[in-house]
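File shown here: structure-v7.txt, holding compact mmCIF, C-alpha atoms.
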# COMPACT_ATOMS: atom_id res chain seq x y z
CA MET K 233 156.37 123.70 142.61
CA SER K 234 157.81 125.91 145.32
CA VAL K 235 155.89 124.01 147.98
CA VAL K 236 157.32 120.76 146.65
CA LEU K 237 160.81 122.19 146.99
CA VAL K 238 160.02 123.18 150.58
CA PHE K 239 158.75 119.65 151.25
CA LEU K 240 161.86 118.11 149.70
CA ALA K 241 164.10 120.49 151.62
CA GLY K 242 162.44 119.52 154.89
CA ILE K 243 162.82 115.80 154.20
CA ALA K 244 166.42 116.23 153.04
CA ALA K 245 167.32 118.32 156.07
CA ILE K 246 166.12 115.71 158.56
CA VAL K 247 167.90 112.89 156.67
CA ILE K 248 171.18 114.83 156.42
CA TRP K 249 170.97 115.85 160.08
CA TRP K 250 170.48 112.24 161.14
CA MET K 251 173.24 110.93 158.88
CA SER K 252 175.71 113.52 160.13
CA GLY K 253 174.85 112.65 163.71
CA GLN K 254 175.61 109.00 163.00
CA GLY K 255 178.91 109.79 161.31
CA LEU K 256 177.71 108.52 157.93
CA MET K 257 178.96 111.68 156.18
CA SER K 258 182.47 111.66 157.60
CA LYS K 259 185.54 111.61 155.30
CA PRO K 260 188.21 109.53 157.05
CA TRP K 261 190.69 109.97 154.17
CA MET K 262 190.78 113.71 154.88
CA GLU K 263 191.46 113.38 158.62
CA VAL K 264 194.89 114.45 159.85
CA GLY K 265 196.79 113.50 162.97
CA THR K 266 199.90 111.89 164.37
CA LEU K 267 200.85 108.27 163.94
CA ASP K 268 199.85 107.63 167.55
CA ASP K 269 196.37 108.97 166.79
CA ILE K 270 196.08 106.68 163.78
CA GLN K 271 197.19 103.67 165.81
CA GLY K 272 194.85 104.54 168.65
CA PRO K 273 191.69 102.61 169.46
CA ALA K 274 189.50 102.26 166.40
CA LYS K 275 186.02 103.71 166.44
CA PRO K 276 183.26 101.11 166.57
CA PRO K 277 181.72 100.46 163.15
CA ILE K 278 178.37 102.00 162.37
CA PRO K 279 175.66 99.38 162.88
CA THR K 280 174.20 98.08 159.66
CA ALA K 281 170.72 98.74 161.02
CA LYS K 282 171.42 102.47 161.17
CA ILE K 283 172.61 102.55 157.58
CA GLY K 284 169.60 100.54 156.48
CA LEU K 285 167.23 102.85 158.31
CA GLY K 286 168.84 105.89 156.71
CA ILE K 287 168.33 104.43 153.24
CA PHE K 288 164.75 103.48 154.05
CA LEU K 289 163.93 106.95 155.33
CA ALA K 290 165.36 108.49 152.17
CA VAL K 291 163.10 106.26 150.05
CA VAL K 292 160.05 107.06 152.17
CA GLY K 293 160.83 110.77 151.96
CA ALA K 294 161.10 110.56 148.17
CA LEU K 295 157.76 108.73 148.01
CA PHE K 296 155.91 111.34 150.02
CA SER K 297 157.60 114.11 148.07
CA LEU K 298 156.36 112.68 144.77
CA LEU K 299 152.85 112.34 146.15
CA ALA K 300 152.95 115.91 147.43
CA SER K 301 154.03 117.06 143.99
CA ALA K 302 151.10 115.22 142.40
CA TYR K 303 148.77 116.72 145.03
CA LEU K 304 149.84 120.26 144.20
CA SER K 305 149.73 119.69 140.46
CA ARG K 306 146.21 118.29 140.68
CA MET K 307 144.98 121.28 142.69
CA SER K 308 144.79 123.38 139.52
CA GLY K 309 142.16 121.08 137.99
CA ALA K 310 138.61 122.32 137.48
CA ASP K 311 137.19 119.31 139.34
CA TRP K 312 139.18 120.06 142.52
CA TRP K 313 137.14 121.05 145.59
CA ALA K 314 139.15 121.63 148.75
CA ILE K 315 138.30 119.28 151.57
CA PRO K 316 137.78 120.83 155.02
CA VAL K 317 140.42 119.86 157.55
CA PRO K 318 138.78 118.23 160.61
CA ARG K 319 139.64 119.97 163.86
CA LEU K 320 140.46 116.56 165.28
CA LEU K 321 143.64 116.56 163.17
CA PHE K 322 145.04 119.34 165.35
CA ALA K 323 144.58 117.13 168.42
CA ASN K 324 146.02 114.14 166.55
CA THR K 325 149.10 116.19 165.70
CA ALA K 326 149.60 117.05 169.36
CA VAL K 327 149.23 113.37 170.26
CA LEU K 328 151.89 112.34 167.73
CA ILE K 329 154.24 115.01 169.08
CA ALA K 330 153.67 113.61 172.58
CA SER K 331 154.43 110.09 171.31
CA CYS K 332 157.73 111.26 169.83
CA ALA K 333 158.63 113.11 173.02
CA ALA K 334 157.92 110.03 175.14
CA LEU K 335 160.04 107.84 172.90
CA GLN K 336 162.91 110.31 172.99
CA TRP K 337 162.64 110.29 176.77
CA ALA K 338 162.89 106.49 176.65
CA VAL K 339 166.11 106.84 174.63
CA VAL K 340 167.59 109.25 177.16
CA GLU K 341 166.61 107.01 180.07
CA ALA K 342 168.08 103.96 178.32
CA ARG K 343 171.41 105.72 177.86
CA ARG K 344 171.39 106.62 181.56
CA GLY K 345 170.60 103.04 182.51
CA ALA K 346 167.28 104.04 184.11
CA ASP K 347 165.23 101.01 183.14
CA GLU K 348 161.98 102.12 184.79
CA GLY K 349 161.98 105.47 183.01
CA MET K 350 162.81 103.77 179.72
CA ARG K 351 159.92 101.33 180.04
CA LEU K 352 157.52 104.09 181.03
CA GLY K 353 158.56 106.15 178.02
CA LEU K 354 157.95 103.19 175.73
CA ASP K 355 154.54 102.55 177.23
CA VAL K 356 153.48 106.18 176.85
CA SER K 357 154.78 106.27 173.28
CA LEU K 358 152.89 103.10 172.40
CA ALA K 359 149.65 104.34 173.95
CA THR K 360 149.78 107.74 172.25
CA ALA K 361 150.67 106.17 168.89
CA VAL K 362 147.59 103.96 169.10
CA LEU K 363 145.56 107.01 170.08
CA PHE K 364 146.90 108.87 167.03
CA LEU K 365 145.84 106.10 164.66
CA ALA K 366 142.42 105.90 166.31
CA GLY K 367 142.07 109.66 165.97
CA GLN K 368 142.92 109.49 162.28
CA ILE K 369 140.22 106.87 161.73
CA VAL K 370 137.69 108.99 163.59
CA ALA K 371 138.63 111.98 161.41
CA TRP K 372 137.99 109.84 158.33
CA LEU K 373 134.59 108.81 159.69
CA GLN K 374 133.70 112.44 160.36
CA LEU K 375 134.52 113.40 156.77
CA VAL K 376 132.55 110.47 155.36
CA ALA K 377 129.55 111.37 157.54
CA ALA K 378 129.76 114.93 156.17
CA GLY K 379 129.63 113.61 152.60
CA TYR K 380 133.32 113.78 151.69
CA VAL K 381 133.68 110.25 150.33
CA LEU K 382 136.76 108.83 148.65
CA ALA K 383 135.67 109.03 145.01
CA ASP K 384 133.78 112.32 145.26
CA ASN K 385 136.63 114.50 143.95
CA PRO K 386 140.44 114.33 143.64
CA ALA K 387 140.99 116.36 146.82
CA ASN K 388 139.19 113.70 148.85
CA SER K 389 141.14 110.89 147.18
CA PHE K 390 144.50 112.55 147.84
CA PHE K 391 143.61 113.29 151.46
CA TYR K 392 142.61 109.70 152.22
CA MET K 393 145.59 108.30 150.28
CA LEU K 394 148.21 110.49 151.96
CA THR K 395 146.83 110.15 155.48
CA GLY K 396 146.28 106.42 154.96
CA LEU K 397 149.82 105.88 153.68
CA HIS K 398 151.23 107.82 156.61
CA GLY K 399 149.05 105.79 158.97
CA LEU K 400 150.37 102.55 157.50
CA HIS K 401 153.94 103.70 158.14
CA ILE K 402 152.99 104.56 161.73
CA LEU K 403 151.34 101.15 162.08
CA GLY K 404 154.50 99.43 160.86
CA GLY K 405 156.63 101.40 163.30
CA LEU K 406 154.15 100.61 166.05
CA ALA K 407 154.56 96.88 165.41
CA VAL K 408 158.35 97.16 165.73
CA LEU K 409 158.02 99.28 168.85
CA ALA K 410 155.59 96.80 170.41
CA ARG K 411 157.96 93.92 169.66
CA THR K 412 160.79 95.83 171.33
CA ARG K 413 158.62 96.39 174.39
CA VAL K 414 157.73 92.70 174.56
CA ARG K 415 161.41 91.78 174.48
CA LEU K 416 162.06 94.14 177.36
CA LEU K 417 159.13 92.69 179.27
CA ALA K 418 160.41 89.15 178.75
CA GLY K 419 163.96 89.97 179.85
CA SER K 420 164.72 89.62 183.52
CA THR K 421 167.94 91.60 183.37
CA ALA K 422 168.88 95.03 182.10
CA PRO K 423 168.26 95.53 178.35
CA SER K 424 171.13 94.64 176.05
CA ALA K 425 172.94 97.05 173.78
CA ARG K 426 170.99 95.57 170.88
CA LEU K 427 167.68 96.46 172.47
CA ARG K 428 168.88 99.96 173.29
CA LEU K 429 169.90 100.36 169.66
CA GLY K 430 166.43 99.21 168.66
CA ILE K 431 164.85 101.90 170.82
CA GLU K 432 167.07 104.56 169.28
CA LEU K 433 166.17 103.43 165.77
CA CYS K 434 162.47 103.49 166.67
CA ALA K 435 162.86 107.04 167.97
CA THR K 436 164.61 108.14 164.76
CA TYR K 437 161.83 106.62 162.67
CA TRP K 438 159.17 108.21 164.88
CA HIS K 439 160.72 111.67 164.57
CA PHE K 440 160.95 111.30 160.81
CA MET K 441 157.30 110.32 160.50
CA LEU K 442 156.39 113.31 162.68
CA VAL K 443 158.22 115.63 160.27
CA VAL K 444 156.42 114.02 157.32
CA TRP K 445 153.07 114.45 159.05
CA LEU K 446 153.74 118.09 159.88
CA LEU K 447 154.60 118.79 156.24
CA LEU K 448 151.49 116.95 155.04
CA PHE K 449 149.39 118.81 157.58
CA ALA K 450 150.81 122.08 156.26
CA LEU K 451 149.72 121.06 152.76
CA PHE K 452 146.19 120.16 153.85
CA THR K 453 145.67 123.39 155.77
CA GLY K 454 147.27 125.60 153.11
CA TRP K 455 149.97 126.83 155.49
CA ALA K 456 152.70 125.66 153.11
CA ASN K 457 151.30 127.85 150.34
CA ASP K 458 151.05 130.81 152.70
CA PHE K 459 154.66 130.28 153.81
CA VAL K 460 155.92 130.19 150.23
CA ASP K 461 153.92 133.33 149.36
CA LEU K 462 155.42 135.10 152.38
CA CYS K 463 158.93 134.09 151.30
CA ARG K 464 158.27 135.40 147.81
CA GLN K 465 157.10 138.73 149.21
CA LEU K 466 160.19 139.03 151.39
CA VAL K 467 162.50 138.24 148.48
CA SER K 468 160.78 140.67 146.13

Spit out the file's structure as structure tokens when you get a sec.
Amino acid sequence: MSVVLVFLAGIAAIVIWWMSGQGLMSKPWMEVGTLDDIQGPAKPPIPTAKIGLGIFLAVVGALFSLLASAYLSRMSGADWWAIPVPRLLFANTAVLIASCAALQWAVVEARRGADEGMRLGLDVSLATAVLFLAGQIVAWLQLVAAGYVLADNPANSFFYMLTGLHGLHILGGLAVLARTRVRLLAGSTAPSARLRLGIELCATYWHFMLVVWLLLFALFTGWANDFVDLCRQLVS
């Protein structure tokens, strides 16, 4: 249960951080100032797409949290045999981190108006995202070849379900990112504010899915349990 709380805290922290950065947690009725300040230029409204993404990420975070809770509850069963974590997953994690870094670089370059750097960042992010998905499939094939099939025991089923669900979310984000890149490729002029917003939303989604993967990876490797045990020892 403690690991579930850690998982939920991690998801909640990233959602709250993003919402505060977008101004979604502001309280305008509590702001003070002079009449001139009130009559000054109004702040631009928060794009509906940002609000929608925030709600979607909250739902996705709740989904993975519930699955993580079921994973930990099922671990106590007598028919549970831990599945070995393929070493390839460490490389896949590094590739996903590189994909997020490249996409964040594309966001920075877009804000600076550096179109070439923005396009290069998108291309690198797309390539590494595809490489991540391919690496996940190869990891599955390695486990199947070693005899760890889907229906062999609950640990196998949870591993394939969680990694597969995460992969589907990455695939959906990859489709949106590819569409954004195609629009940039088709445009002969500098990208519009709408396209730049699309890149920023893709980066936010990418970072969120990286956090989810890191938390799942911690569950698979047992690091989350070790972290909770260490916290308990420090508290006691």

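Closest approach to Val370 (chain K) among K:Leu285, K:Leu320, K:Ile431, K:Leu328 is made by K:Leu320 (distances from all atoms listed in the file).
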
Q.
Using all atoms listed in the file, can you tell me which of K:Leu400, K:Leu409, K:Arg351, K:Pro318 comes closest to Trp372 (chain K)?
A. K:Pro318

Q) So which residues fall inside 12 Å of (151.7, 111.0, 145.1) if we count all atoms listed in the file? Mind giving them as a ChimeraX atom specification? A) /K:236,292-306,386,389-395,397-398,448

Writing out the chosen residues with C-alpha atoms as an mmCIF file, in the frame of the given file:
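Written file, selection.cif:
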data_model
loop_
_atom_site.group_PDB
_atom_site.id
_atom_site.type_symbol
_atom_site.label_atom_id
_atom_site.label_comp_id
_atom_site.auth_asym_id
_atom_site.auth_seq_id
_atom_site.Cartn_x
_atom_site.Cartn_y
_atom_site.Cartn_z
ATOM 1 C CA VAL K 236 157.320 120.760 146.650
ATOM 2 C CA VAL K 292 160.050 107.060 152.170
ATOM 3 C CA GLY K 293 160.830 110.770 151.960
ATOM 4 C CA ALA K 294 161.100 110.560 148.170
ATOM 5 C CA LEU K 295 157.760 108.730 148.010
ATOM 6 C CA PHE K 296 155.910 111.340 150.020
ATOM 7 C CA SER K 297 157.600 114.110 148.070
ATOM 8 C CA LEU K 298 156.360 112.680 144.770
ATOM 9 C CA LEU K 299 152.850 112.340 146.150
ATOM 10 C CA ALA K 300 152.950 115.910 147.430
ATOM 11 C CA SER K 301 154.030 117.060 143.990
ATOM 12 C CA ALA K 302 151.100 115.220 142.400
ATOM 13 C CA TYR K 303 148.770 116.720 145.030
ATOM 14 C CA LEU K 304 149.840 120.260 144.200
ATOM 15 C CA SER K 305 149.730 119.690 140.460
ATOM 16 C CA ARG K 306 146.210 118.290 140.680
ATOM 17 C CA PRO K 386 140.440 114.330 143.640
ATOM 18 C CA SER K 389 141.140 110.890 147.180
ATOM 19 C CA PHE K 390 144.500 112.550 147.840
ATOM 20 C CA PHE K 391 143.610 113.290 151.460
ATOM 21 C CA TYR K 392 142.610 109.700 152.220
ATOM 22 C CA MET K 393 145.590 108.300 150.280
ATOM 23 C CA LEU K 394 148.210 110.490 151.960
ATOM 24 C CA THR K 395 146.830 110.150 155.480
ATOM 25 C CA LEU K 397 149.820 105.880 153.680
ATOM 26 C CA HIS K 398 151.230 107.820 156.610
ATOM 27 C CA LEU K 448 151.490 116.950 155.040
#

Q. Looking at only C-alpha atoms, which of K:Leu289, K:Ala378, K:Leu354, K:Ala387 is the one that sits closest to Gly309 (chain K)?
A. K:Ala387

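Interatomic distance, CA of Gly286 (chain K) against CA of Leu433 (chain K): 9.8 Å.
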